[in-house]
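Asker: Sharing query.txt below, compact mmCIF, C-alpha atoms and all ligand atoms:
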```
# COMPACT_ATOMS: atom_id res chain seq x y z
CA MET D 1 114.68 32.22 145.90
CA GLU D 2 111.40 33.87 146.72
CA LYS D 3 108.38 32.47 144.90
CA GLY D 4 105.20 34.14 143.71
CA VAL D 5 104.36 37.75 143.02
CA THR D 6 106.75 40.14 144.70
CA PHE D 7 105.74 43.44 143.18
CA HIS D 8 103.26 44.16 145.97
CA ARG D 9 106.08 44.46 148.42
CA PHE D 10 106.18 47.77 150.20
CA PRO D 11 108.13 49.98 150.64
CA PHE D 12 109.63 49.90 147.17
CA ALA D 13 113.38 50.00 146.87
CA PRO D 14 115.21 52.30 146.85
CA ALA D 15 113.60 54.21 149.70
CA PRO D 16 113.14 57.93 148.93
CA ARG D 17 116.22 59.96 149.85
CA ASP D 18 115.84 62.44 152.63
CA VAL D 19 115.99 65.62 150.60
CA ARG D 20 114.46 68.01 153.10
CA GLU D 21 117.66 69.95 153.68
CA GLU D 22 118.52 70.21 149.99
CA TYR D 23 114.96 71.21 149.15
CA GLN D 24 114.92 73.91 151.80
CA ARG D 25 117.78 75.60 149.94
CA LEU D 26 116.08 75.06 146.57
CA LEU D 27 112.84 76.46 147.97
CA ASP D 28 114.62 79.58 149.17
CA GLU D 29 115.90 80.20 145.62
CA ALA D 30 112.55 79.46 144.00
CA LEU D 31 110.55 81.65 146.36
CA GLY D 32 113.18 84.37 146.73
CA PHE D 33 114.15 87.22 144.44
CA LYS D 34 117.76 87.97 143.49
CA ARG D 35 119.16 91.13 141.94
CA VAL D 36 122.57 92.73 141.59
CA LEU D 37 121.36 96.27 140.85
CA ASP D 38 118.56 98.12 142.58
CA GLU D 39 116.24 100.61 140.86
CA ASP D 40 118.87 103.34 140.99
CA GLY D 41 121.69 101.25 139.58
CA GLU D 42 123.36 100.67 142.97
CA VAL D 43 125.01 97.28 143.53
CA VAL D 44 123.13 95.35 146.22
CA ASP D 45 124.68 91.90 145.77
CA GLU D 46 128.45 91.76 145.25
CA GLN D 47 128.52 87.96 145.26
CA LEU D 48 126.25 87.61 142.23
CA HIS D 49 128.00 90.44 140.38
CA PRO D 50 129.51 88.97 137.18
CA LYS D 51 132.57 91.32 137.31
CA LEU D 52 132.71 92.10 133.61
CA SER D 53 135.22 94.40 131.92
CA PRO D 54 134.15 97.93 130.86
CA ASP D 55 134.08 96.78 127.22
CA GLU D 56 131.84 93.85 128.08
CA LEU D 57 129.50 96.11 130.08
CA LEU D 58 129.36 98.51 127.17
CA GLU D 59 128.54 95.66 124.83
CA LEU D 60 125.61 94.57 127.04
CA TYR D 61 124.29 98.13 127.03
CA THR D 62 124.62 98.50 123.26
CA LEU D 63 122.84 95.20 122.65
CA MET D 64 119.92 96.31 124.82
CA VAL D 65 119.77 99.64 122.98
CA ARG D 66 119.76 97.86 119.62
CA ALA D 67 116.91 95.61 120.78
CA ARG D 68 114.90 98.62 121.92
CA VAL D 69 115.53 100.57 118.73
CA ILE D 70 114.58 97.80 116.30
CA ASP D 71 111.53 97.02 118.46
CA ALA D 72 110.30 100.62 118.23
CA TRP D 73 110.87 100.62 114.47
CA LEU D 74 108.98 97.36 114.00
CA LEU D 75 106.06 98.89 115.87
CA ARG D 76 106.15 101.96 113.59
CA LEU D 77 106.44 99.79 110.48
CA GLN D 78 103.35 97.87 111.56
CA ARG D 79 101.44 101.12 112.02
CA MET D 80 102.59 102.15 108.53
CA GLY D 81 101.08 98.95 107.15
CA LYS D 82 104.45 97.44 106.19
CA VAL D 83 104.69 94.72 108.86
CA ALA D 84 101.71 92.42 109.49
CA LEU D 85 102.03 92.03 113.26
CA HIS D 86 104.60 92.75 115.95
CA ALA D 87 104.91 91.61 119.58
CA PRO D 88 106.70 94.47 121.38
CA ASN D 89 109.78 93.72 123.52
CA LYS D 90 110.09 97.02 125.39
CA GLY D 91 111.06 96.41 129.02
CA GLN D 92 112.25 92.85 128.49
CA GLU D 93 115.64 93.53 126.90
CA ALA D 94 117.75 92.61 129.94
CA THR D 95 116.44 89.05 130.07
CA ALA D 96 116.83 88.44 126.34
CA VAL D 97 120.34 89.90 126.07
CA GLY D 98 121.61 88.62 129.44
CA VAL D 99 120.60 85.02 128.77
CA ALA D 100 121.84 84.98 125.17
CA LYS D 101 125.25 86.37 126.19
CA ALA D 102 125.58 83.52 128.69
CA MET D 103 125.35 80.99 125.84
CA LYS D 104 128.06 79.84 123.42
CA PRO D 105 127.63 80.18 119.63
CA GLU D 106 127.31 76.39 119.27
CA ASP D 107 124.42 76.25 121.77
CA TRP D 108 120.86 76.30 120.41
CA LEU D 109 118.17 78.82 121.19
CA PHE D 110 114.45 77.88 121.21
CA PRO D 111 112.83 81.28 121.65
CA SER D 112 109.33 82.62 121.96
CA TYR D 113 108.34 85.83 120.11
CA ARG D 114 109.65 88.50 122.50
CA GLU D 115 113.41 88.03 122.33
CA LEU D 116 114.81 90.45 119.76
CA GLY D 117 117.68 91.13 122.17
CA ALA D 118 118.64 87.45 122.14
CA TYR D 119 118.71 87.30 118.34
CA ILE D 120 120.93 90.38 118.18
CA ALA D 121 123.19 89.10 120.94
CA ARG D 122 123.66 85.88 118.95
CA GLY D 123 124.76 87.87 115.91
CA MET D 124 121.58 88.46 113.92
CA SER D 125 121.67 91.87 112.25
CA GLU D 126 118.87 94.42 112.06
CA GLU D 127 118.79 93.81 108.33
CA GLU D 128 118.15 90.10 108.88
CA ILE D 129 115.39 90.87 111.38
CA LEU D 130 113.81 93.26 108.87
CA ASP D 131 114.11 90.77 106.00
CA ARG D 132 111.93 88.48 108.07
CA ALA D 133 109.47 91.10 109.30
CA LEU D 134 109.05 92.61 105.83
CA ASN D 135 109.21 89.27 104.01
CA THR D 136 111.82 90.39 101.51
CA LYS D 137 113.45 87.99 99.07
CA ASP D 138 116.06 87.30 101.78
CA ASP D 139 113.54 86.24 104.47
CA PRO D 140 115.18 83.11 105.93
CA LEU D 141 111.77 81.64 106.81
CA LYS D 142 110.39 82.32 103.31
CA GLY D 143 107.24 84.12 104.38
CA SER D 144 106.00 81.38 106.70
CA ASP D 145 103.17 82.49 108.94
CA PHE D 146 103.62 79.62 111.38
CA ALA D 147 106.85 80.84 112.89
CA ILE D 148 107.98 84.26 114.06
CA TYR D 149 111.75 84.68 113.89
CA GLY D 150 114.44 82.06 113.51
CA ASN D 151 117.75 81.68 111.75
CA ARG D 152 119.81 78.55 111.22
CA LYS D 153 122.99 80.65 110.86
CA TYR D 154 122.85 81.57 114.54
CA ASN D 155 121.39 78.30 115.90
CA ILE D 156 118.04 79.96 116.51
CA VAL D 157 115.07 77.66 115.96
CA PRO D 158 111.99 79.44 114.55
CA ALA D 159 109.63 80.49 117.34
CA PRO D 160 106.32 78.67 116.97
CA VAL D 161 103.02 80.57 117.09
CA PRO D 162 101.35 78.15 119.57
CA VAL D 163 102.79 79.29 122.88
CA GLY D 164 105.08 76.86 124.70
CA ASN D 165 105.54 74.39 121.82
CA GLN D 166 109.23 75.21 121.85
CA ILE D 167 109.67 73.78 125.38
CA PRO D 168 109.58 70.04 124.51
CA HIS D 169 111.52 70.83 121.32
CA ALA D 170 114.34 72.31 123.39
CA VAL D 171 114.29 69.34 125.77
CA GLY D 172 114.30 66.84 122.90
CA ALA D 173 117.25 68.58 121.26
CA ALA D 174 119.11 68.64 124.58
CA MET D 175 118.43 64.92 125.11
CA ALA D 176 119.68 64.16 121.59
CA ALA D 177 122.83 66.22 122.18
CA LYS D 178 123.51 64.31 125.37
CA ILE D 179 123.08 60.94 123.63
CA LEU D 180 125.39 62.04 120.82
CA GLY D 181 127.96 63.34 123.28
CA ASP D 182 127.76 66.92 121.92
CA LYS D 183 128.72 69.40 124.62
CA ILE D 184 125.98 71.83 123.73
CA VAL D 185 123.19 73.36 125.76
CA THR D 186 119.71 74.33 124.61
CA VAL D 187 117.94 77.36 126.04
CA THR D 188 114.24 78.02 125.72
CA PHE D 189 112.29 81.20 126.46
CA PHE D 190 108.57 81.39 127.15
CA GLY D 191 106.07 83.51 129.03
CA ASP D 192 104.17 83.10 132.29
CA GLY D 193 101.04 82.11 130.35
CA SER D 194 102.91 79.26 128.69
CA THR D 195 103.50 77.58 132.07
CA SER D 196 99.83 76.54 131.94
CA ARG D 197 100.42 74.40 128.84
CA GLY D 198 100.98 70.67 129.15
CA ASP D 199 104.15 71.12 127.09
CA PHE D 200 105.76 72.99 129.99
CA HIS D 201 105.13 70.12 132.40
CA ALA D 202 106.10 67.36 129.94
CA GLY D 203 109.28 69.25 129.07
CA LEU D 204 110.32 69.78 132.66
CA ASN D 205 109.57 66.21 133.61
CA PHE D 206 111.66 64.70 130.82
CA ALA D 207 114.49 67.14 131.42
CA GLY D 208 114.49 66.34 135.14
CA VAL D 209 114.44 62.58 134.69
CA PHE D 210 117.09 62.51 131.96
CA LYS D 211 119.20 65.37 133.32
CA SER D 212 119.03 67.05 129.93
CA PRO D 213 121.37 69.98 129.24
CA VAL D 214 118.60 72.58 128.91
CA VAL D 215 117.86 75.92 130.56
CA PHE D 216 114.23 77.05 130.82
CA VAL D 217 113.67 80.80 130.98
CA ILE D 218 110.22 82.03 131.97
CA GLN D 219 109.87 85.69 131.13
CA ASN D 220 107.29 86.54 133.75
CA ASN D 221 106.14 89.83 132.25
CA GLN D 222 103.01 89.82 134.47
CA TYR D 223 100.50 89.19 131.68
CA ALA D 224 99.38 86.62 129.13
CA ILE D 225 97.61 89.12 126.88
CA SER D 226 94.98 90.40 129.36
CA VAL D 227 95.33 87.59 131.94
CA PRO D 228 97.46 88.67 134.93
CA VAL D 229 99.89 86.17 136.39
CA THR D 230 97.75 85.99 139.56
CA ARG D 231 95.07 84.28 137.41
CA GLN D 232 97.59 82.01 135.72
CA THR D 233 98.54 79.98 138.78
CA ALA D 234 97.80 79.53 142.46
CA ALA D 235 101.48 78.75 143.08
CA PRO D 236 103.35 81.50 144.98
CA THR D 237 105.97 81.81 142.19
CA LEU D 238 106.53 80.23 138.80
CA ALA D 239 110.06 79.11 139.70
CA VAL D 240 108.74 76.85 142.46
CA LYS D 241 107.02 74.63 139.87
CA ALA D 242 110.41 73.27 138.82
CA LEU D 243 111.02 71.66 142.20
CA ALA D 244 108.27 69.07 141.74
CA TYR D 245 110.21 67.81 138.70
CA GLY D 246 113.51 67.61 140.54
CA VAL D 247 114.80 70.69 138.70
CA PRO D 248 116.19 73.76 140.50
CA GLY D 249 114.08 76.89 139.99
CA LYS D 250 115.51 80.38 140.47
CA ARG D 251 113.56 83.60 140.70
CA ILE D 252 115.44 86.75 139.73
CA ASP D 253 114.99 90.37 138.67
CA GLY D 254 114.55 90.12 134.90
CA ASN D 255 115.13 93.85 134.49
CA ASP D 256 118.65 93.67 135.92
CA ILE D 257 121.00 92.48 133.20
CA LEU D 258 123.81 91.69 135.64
CA VAL D 259 121.82 89.18 137.69
CA VAL D 260 120.31 87.69 134.52
CA TYR D 261 123.76 87.20 132.99
CA SER D 262 125.25 85.69 136.20
CA VAL D 263 122.44 83.26 136.92
CA ALA D 264 122.04 82.24 133.27
CA LYS D 265 125.80 81.70 132.91
CA GLU D 266 125.86 79.41 135.93
CA ALA D 267 122.83 77.46 134.65
CA VAL D 268 124.24 77.09 131.13
CA GLU D 269 127.62 75.87 132.39
CA ARG D 270 125.97 73.51 134.90
CA ALA D 271 123.96 71.99 132.05
CA ARG D 272 127.06 71.73 129.84
CA ASN D 273 128.97 69.93 132.58
CA GLY D 274 126.33 67.26 133.14
CA GLY D 275 124.59 68.92 136.10
CA GLY D 276 121.19 68.87 134.40
CA PRO D 277 118.51 71.46 133.74
CA THR D 278 117.65 74.71 135.55
CA LEU D 279 114.54 76.82 135.37
CA ILE D 280 114.91 80.60 135.73
CA GLU D 281 111.92 82.85 136.33
CA THR D 282 112.88 86.37 135.30
CA VAL D 283 110.45 88.82 136.86
CA THR D 284 109.90 91.58 134.33
CA TYR D 285 107.19 93.77 132.84
CA ARG D 286 105.81 94.15 129.33
CA MET D 287 105.80 97.93 128.92
CA GLY D 288 103.96 97.91 125.58
CA PRO D 289 100.91 96.11 124.25
CA HIS D 290 100.85 92.31 123.89
CA THR D 291 100.97 92.70 120.11
CA THR D 292 100.03 95.43 117.68
CA ALA D 293 96.50 93.93 117.78
CA ASP D 294 96.12 94.59 121.53
CA ASP D 295 94.85 97.56 123.55
CA PRO D 296 96.31 97.19 127.08
CA SER D 297 94.26 100.12 128.44
CA ARG D 298 91.35 97.66 128.52
CA TYR D 299 92.95 95.64 131.33
CA ARG D 300 95.57 97.77 133.11
CA ASN D 301 95.92 101.39 134.09
CA GLU D 302 98.53 104.01 133.28
CA GLU D 303 99.73 104.30 136.89
CA GLU D 304 100.85 100.70 136.82
CA VAL D 305 102.85 101.22 133.62
CA LYS D 306 104.35 104.43 135.05
CA ALA D 307 105.41 102.62 138.24
CA PHE D 308 107.30 100.07 136.20
CA GLU D 309 109.20 102.75 134.29
CA ARG D 310 111.44 103.06 137.33
CA LEU D 311 112.43 99.43 136.80
CA ASP D 312 113.22 99.92 133.11
CA PRO D 313 116.29 97.73 132.44
CA LEU D 314 118.03 100.33 130.25
CA ARG D 315 117.50 103.14 132.72
CA ARG D 316 118.93 101.15 135.62
CA PHE D 317 121.94 99.87 133.73
CA LYS D 318 122.68 103.34 132.38
CA LEU D 319 122.70 104.72 135.93
CA TYR D 320 125.07 101.95 136.99
CA LEU D 321 127.43 102.55 134.04
CA ASP D 322 127.46 106.26 134.81
CA LYS D 323 128.36 105.62 138.46
CA GLN D 324 131.11 103.21 137.38
CA GLY D 325 132.60 105.76 134.99
CA VAL D 326 132.07 103.41 132.04
CA LEU D 327 129.64 105.66 130.19
CA THR D 328 128.12 109.04 130.97
CA LEU D 329 124.38 109.56 130.56
CA ARG D 330 125.09 111.86 127.62
CA GLU D 331 127.25 109.22 125.90
CA ALA D 332 124.50 106.67 126.50
CA GLU D 333 122.03 108.96 124.74
CA GLU D 334 124.43 109.35 121.82
CA ILE D 335 124.60 105.57 121.41
CA GLU D 336 120.79 105.45 121.37
CA LYS D 337 120.52 108.20 118.75
CA ALA D 338 123.26 106.72 116.58
CA TRP D 339 121.51 103.31 116.47
CA ASP D 340 118.18 104.93 115.73
CA SER D 341 119.62 106.69 112.67
CA LYS D 342 121.52 103.59 111.59
CA VAL D 343 118.37 101.45 111.73
CA GLU D 344 116.36 104.07 109.84
CA GLU D 345 118.93 103.90 107.07
CA ILE D 346 118.81 100.09 107.00
CA ILE D 347 115.00 100.22 106.80
CA ARG D 348 115.10 102.53 103.80
CA ARG D 349 117.39 100.07 102.05
CA VAL D 350 115.43 96.94 103.02
CA LEU D 351 112.13 98.50 101.88
CA GLU D 352 113.63 98.73 98.38
CA LYS D 353 114.31 94.98 98.23
CA PRO D 354 112.02 92.84 96.10
CA GLY D 355 109.60 90.57 97.95
CA LEU D 356 109.44 86.79 97.89
CA PRO D 357 108.38 85.05 94.66
CA ARG D 358 104.61 84.58 94.59
CA ASP D 359 104.81 80.78 94.60
CA VAL D 360 107.19 80.58 97.60
CA PHE D 361 104.59 78.86 99.79
CA PHE D 362 104.44 75.84 97.52
CA HIS D 363 108.12 75.04 97.77
CA ASN D 364 109.19 75.03 101.39
CA VAL D 365 107.22 72.35 103.18
CA TYR D 366 107.90 69.08 101.34
CA SER D 367 111.13 67.99 99.70
CA ARG D 368 108.93 66.53 96.90
CA MET D 369 105.62 68.21 96.25
CA PRO D 370 102.68 65.82 96.93
CA TRP D 371 99.96 65.44 94.26
CA HIS D 372 97.30 67.52 96.03
CA LEU D 373 99.69 70.45 96.37
CA GLU D 374 100.76 70.07 92.74
CA GLU D 375 97.09 70.40 91.75
CA GLU D 376 96.67 73.49 93.91
CA TYR D 377 99.86 74.96 92.49
CA LYS D 378 98.60 74.47 88.93
CA GLU D 379 95.29 76.16 89.78
CA PHE D 380 97.14 79.00 91.48
CA GLU D 381 99.31 79.67 88.45
CA GLU D 382 96.30 79.40 86.13
CA GLN D 383 94.66 82.30 87.97
CA PHE D 384 97.55 84.50 86.90
CA GLU D 385 97.41 83.26 83.31
CA VAL D 386 93.68 83.99 83.10
CA ALA D 387 94.19 87.39 84.68
CA GLU D 388 96.90 88.18 82.14
CA GLU D 389 94.64 87.18 79.23
CA LEU D 390 91.94 89.48 80.60
CA GLY D 391 94.44 92.26 81.09
CA LEU D 392 93.93 92.26 84.89
CA GLN D 393 96.63 92.78 87.46
CA LEU D 394 96.36 90.26 90.32
CA GLU D 395 97.96 91.29 93.60
CA GLU D 396 100.96 89.06 94.30
C1 LIG W 401 98.49 77.11 122.39
C2 LIG W 401 98.09 78.54 122.25
N1 LIG W 401 97.03 79.01 122.90
C3 LIG W 401 96.66 80.30 122.77
C4 LIG W 401 97.38 81.14 121.97
C5 LIG W 401 96.98 82.61 121.85
N2 LIG W 401 97.99 83.40 122.53
C6 LIG W 401 98.96 84.03 121.86
S1 LIG W 401 100.01 84.81 122.84
C7 LIG W 401 99.17 84.35 124.24
C8 LIG W 401 99.61 84.78 125.59
C9 LIG W 401 100.87 84.12 126.00
O1 LIG W 401 101.30 84.68 127.20
P1 LIG W 401 102.71 84.38 127.80
O2 LIG W 401 103.06 82.94 127.62
O3 LIG W 401 102.72 84.90 129.19
O4 LIG W 401 103.72 85.21 126.89
P2 LIG W 401 103.78 86.79 126.63
O5 LIG W 401 102.89 87.04 125.44
O6 LIG W 401 103.34 87.49 127.84
O7 LIG W 401 105.20 87.06 126.29
C10 LIG W 401 98.07 83.57 123.89
C11 LIG W 401 97.12 83.01 124.86
C12 LIG W 401 98.51 80.60 121.29
N3 LIG W 401 99.28 81.36 120.51
N4 LIG W 401 98.85 79.32 121.46
```
Here is a file; write its structure as structure tokens.
Ligand SMILES: Cc1ncc(C[n+]2csc(CCOP(=O)(O)OP(=O)(O)O)c2C)c(N)n1

Answerer:
Amino acid sequence: MEKGVTFHRFPFAPAPRDVREEYQRLLDEALGFKRVLDEDGEVVDEQLHPKLSPDELLELYTLMVRARVIDAWLLRLQRMGKVALHAPNKGQEATAVGVAKAMKPEDWLFPSYRELGAYIARGMSEEEILDRALNTKDDPLKGSDFAIYGNRKYNIVPAPVPVGNQIPHAVGAAMAAKILGDKIVTVTFFGDGSTSRGDFHAGLNFAGVFKSPVVFVIQNNQYAISVPVTRQTAAPTLAVKALAYGVPGKRIDGNDILVVYSVAKEAVERARNGGGPTLIETVTYRMGPHTTADDPSRYRNEEEVKAFERLDPLRRFKLYLDKQGVLTLREAEEIEKAWDSKVEEIIRRVLEKPGLPRDVFFHNVYSRMPWHLEEEYKEFEEQFEVAEELGLQLEE
């Protein structure tokens, strides 16, 4: 038996594996760029093609259309003063829909604020999205200003306002599921800017070490408000960051729904079968402003936006469907128009719904109201009593 202190011994056991060959392959995926469809909707990678039925292809198209339509309406409703703030999704529908369709209903989604397509693909209706945006009596998040969208019915965790907070949440939930033996996967979306948060690195590290069943999706839409991705990192791609945590990173065309679906499906099933996490960088472009409070003309020019129109995920998929004989361009336009009218009708109805009760904020944080909130609540209600006595109408 050896005596004395042995922990100085070097090299430590076990010796590092020789991973150079494996990492060369991982590097190729993290530095590369995969797509199934080119800009004109031609198939350029048969191997990655998910080979879906015409009905499934049509469903993907319709989901993207629905995301685009509700997005445009939310923007209009904000301009009309009905919605407080909206973060436009235009241009990013393929990533949101493609990833969500690769998940199972029992999986959990930890989104950011630019994934309307994912909510719809998981079953959320336009009416439910509008109940939230317009804070009607049916708003599932009861008017909370600290979360964007979320809905327990569809296993969608409310998106937090601080960017990237959802990353460790998704990892924690995945770790818990693994411990409990639940065969579920968690998927989290976030932007390129969020990769600069500590939460991104902590999340990836834990997931790598514990082989958590989680899929990280970076929507690299080129900007974090006005900061271009070139100022966000000195790394050559965002996907390559995963490799330092022992997690595979894949870089794909985020505006090509077929590659998004294929790669996400493989990652989700790998996670479900004990293979551990994957990070996917979907290269895309935010066609609209960051939010309704942003003016993108201050930091990018029109030519750039125009150039990206050619990569528009709906345009490319429509061209592909036309070539495949699944849907003509005219039929595609009819689907778009029909959803636009349908959503307009829903909006008219939702605008008629009563709002949330005025005291809703006091009732949804604690199971039992603490004393200081009880005091505040009393004062709040007293304001209305005084106003009534004075014959004044307080805005609720
Ligand atoms: C922790 C934190 N810091 C700053 C902000 C302000 N903020 C809101 S959105 C945003 C940009 C995020 O960019 P990115 O992660 O790339 O997502 P994108 O908006 O492009 O989808 C910032 C800095 C915030 N919400 N949270």

Asker: Find the residues near range 39-41 of chain D: any atom within 12 Å, counting only C-alpha atoms, skip ones fewer than 6 places away on the same chain, and give them as a list in words.

Answerer: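 Non-adjacent residues within range: Asp253, Asn255, Asp256, Ile257, Leu258, Ala307, Phe308, Glu309, Arg310, Leu311, Asp312, Pro313, Leu314, Arg315, Arg316, Phe317, Lys318, Leu319, Tyr320, Leu321, Asp322, Lys323 and Gln324 of chain D.
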
Asker: Pick the closest to ligand LIG 401 (chain W) from D:Val163, D:Val260, D:Val386, D:Met287: which is it, counting only C-alpha atoms and all ligand atoms?

Answerer: D:Val163

Asker: For the atom pair CA of Gly254 in chain D and CA of Thr186 in chain D, what is the interatomic distance in Å to one decimal place?

Answerer: 19.5 Å

Asker: Given a cut-off of 10 Å, what residues near ligand LIG 401 (chain W) show up using only C-alpha atoms and all ligand atoms, put as a PyMOL selection string?

Answerer: chain D and resi 87-89+92+112-115+160-165+189-199+218-229+232+285-286+289-291

Asker: Find the residues near range 169-180 of chain D: any atom within 10 Å, counting all atoms listed in the file, skip ones fewer than 6 places away on the same chain, and give them as a PyMOL selection string.

Answerer: chain D and resi 107-111+157+186-189+199+202-208+210-216+271-272+274+277

Asker: Kindly give the distance, in Å, that separates CA of Leu351 in chain D and CA of Asp138 in chain D, rounded to a single decimal.

Answerer: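 One can read the CA of Leu351 in chain D to CA of Asp138 in chain D distance as 11.9 Å.
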
Asker: Which residues, protein or nucleic acid, reach to within 6 Å of (107.3, 90.4, 98.7) in the file's coordinates when using only C-alpha atoms, and can you give that as an NGL selection string?

Answerer: :D and (135-136 or 354-356)

Asker: Using the file's own x, y and z axes, what box holds all listed atoms of range 385-394 of chain D with 4 Å on each side, keeping edges along x, y and z, and what are its centre and edge lengths in Å to one decimal, as JSON?

Answerer:
```
{"center_x": 94.7, "center_y": 88.0, "center_z": 84.8, "size_x": 13.5, "size_y": 17.5, "size_z": 19.1}
```

Asker: Could you tell me, as a PDB file with C-alpha atoms, in the coordinates of the input, which residues have any atom at most 10 Å from (106.5, 90.5, 106.3), counting all atoms listed in the file?

Answerer:
```pdb
ATOM      1  CA  GLN D  78     103.350  97.870 111.560  1.00  0.00           C
ATOM      2  CA  LYS D  82     104.450  97.440 106.190  1.00  0.00           C
ATOM      3  CA  VAL D  83     104.690  94.720 108.860  1.00  0.00           C
ATOM      4  CA  ALA D  84     101.710  92.420 109.490  1.00  0.00           C
ATOM      5  CA  LEU D  85     102.030  92.030 113.260  1.00  0.00           C
ATOM      6  CA  LEU D 130     113.810  93.260 108.870  1.00  0.00           C
ATOM      7  CA  ASP D 131     114.110  90.770 106.000  1.00  0.00           C
ATOM      8  CA  ARG D 132     111.930  88.480 108.070  1.00  0.00           C
ATOM      9  CA  ALA D 133     109.470  91.100 109.300  1.00  0.00           C
ATOM     10  CA  LEU D 134     109.050  92.610 105.830  1.00  0.00           C
ATOM     11  CA  ASN D 135     109.210  89.270 104.010  1.00  0.00           C
ATOM     12  CA  THR D 136     111.820  90.390 101.510  1.00  0.00           C
ATOM     13  CA  ASP D 139     113.540  86.240 104.470  1.00  0.00           C
ATOM     14  CA  LYS D 142     110.390  82.320 103.310  1.00  0.00           C
ATOM     15  CA  GLY D 143     107.240  84.120 104.380  1.00  0.00           C
ATOM     16  CA  SER D 144     106.000  81.380 106.700  1.00  0.00           C
ATOM     17  CA  ASP D 145     103.170  82.490 108.940  1.00  0.00           C
ATOM     18  CA  GLY D 355     109.600  90.570  97.950  1.00  0.00           C
ATOM     19  CA  LEU D 356     109.440  86.790  97.890  1.00  0.00           C
TER      20      LEU D 356
END
```

Asker: One decimal, Å: what's the distance from CA of Val240 in chain D over to CA of Leu31 in chain D, could you say?

Answerer: 6.4 Å

Asker: For Lys183 in chain D, which residue among D:Arg152, D:Asn273, D:Ala239, D:Ala267 is the nearest when counting all atoms listed in the file?

Answerer: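 Looking at the shortest contact to Lys183 in chain D, the residue is D:Asn273.
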
Asker: For Ile252 in chain D, work out the shell of residues within 12 Å, counting all atoms listed in the file and skipping chain neighbours fewer than 5 positions away, then give it as a compact mmCIF listing (two decimals) with C-alpha atoms, in the frame of the given file.

Answerer:
```
# COMPACT_ATOMS: atom_id res chain seq x y z
CA ASP D 28 114.62 79.58 149.17
CA GLU D 29 115.90 80.20 145.62
CA ALA D 30 112.55 79.46 144.00
CA LEU D 31 110.55 81.65 146.36
CA GLY D 32 113.18 84.37 146.73
CA PHE D 33 114.15 87.22 144.44
CA LYS D 34 117.76 87.97 143.49
CA ARG D 35 119.16 91.13 141.94
CA VAL D 36 122.57 92.73 141.59
CA LEU D 37 121.36 96.27 140.85
CA LEU D 48 126.25 87.61 142.23
CA ALA D 94 117.75 92.61 129.94
CA THR D 95 116.44 89.05 130.07
CA VAL D 217 113.67 80.80 130.98
CA ILE D 218 110.22 82.03 131.97
CA GLN D 219 109.87 85.69 131.13
CA ASN D 220 107.29 86.54 133.75
CA THR D 237 105.97 81.81 142.19
CA LEU D 238 106.53 80.23 138.80
CA ALA D 239 110.06 79.11 139.70
CA ILE D 257 121.00 92.48 133.20
CA LEU D 258 123.81 91.69 135.64
CA VAL D 259 121.82 89.18 137.69
CA VAL D 260 120.31 87.69 134.52
CA TYR D 261 123.76 87.20 132.99
CA SER D 262 125.25 85.69 136.20
CA VAL D 263 122.44 83.26 136.92
CA ALA D 264 122.04 82.24 133.27
CA LEU D 279 114.54 76.82 135.37
CA ILE D 280 114.91 80.60 135.73
CA GLU D 281 111.92 82.85 136.33
CA THR D 282 112.88 86.37 135.30
CA VAL D 283 110.45 88.82 136.86
CA THR D 284 109.90 91.58 134.33
```
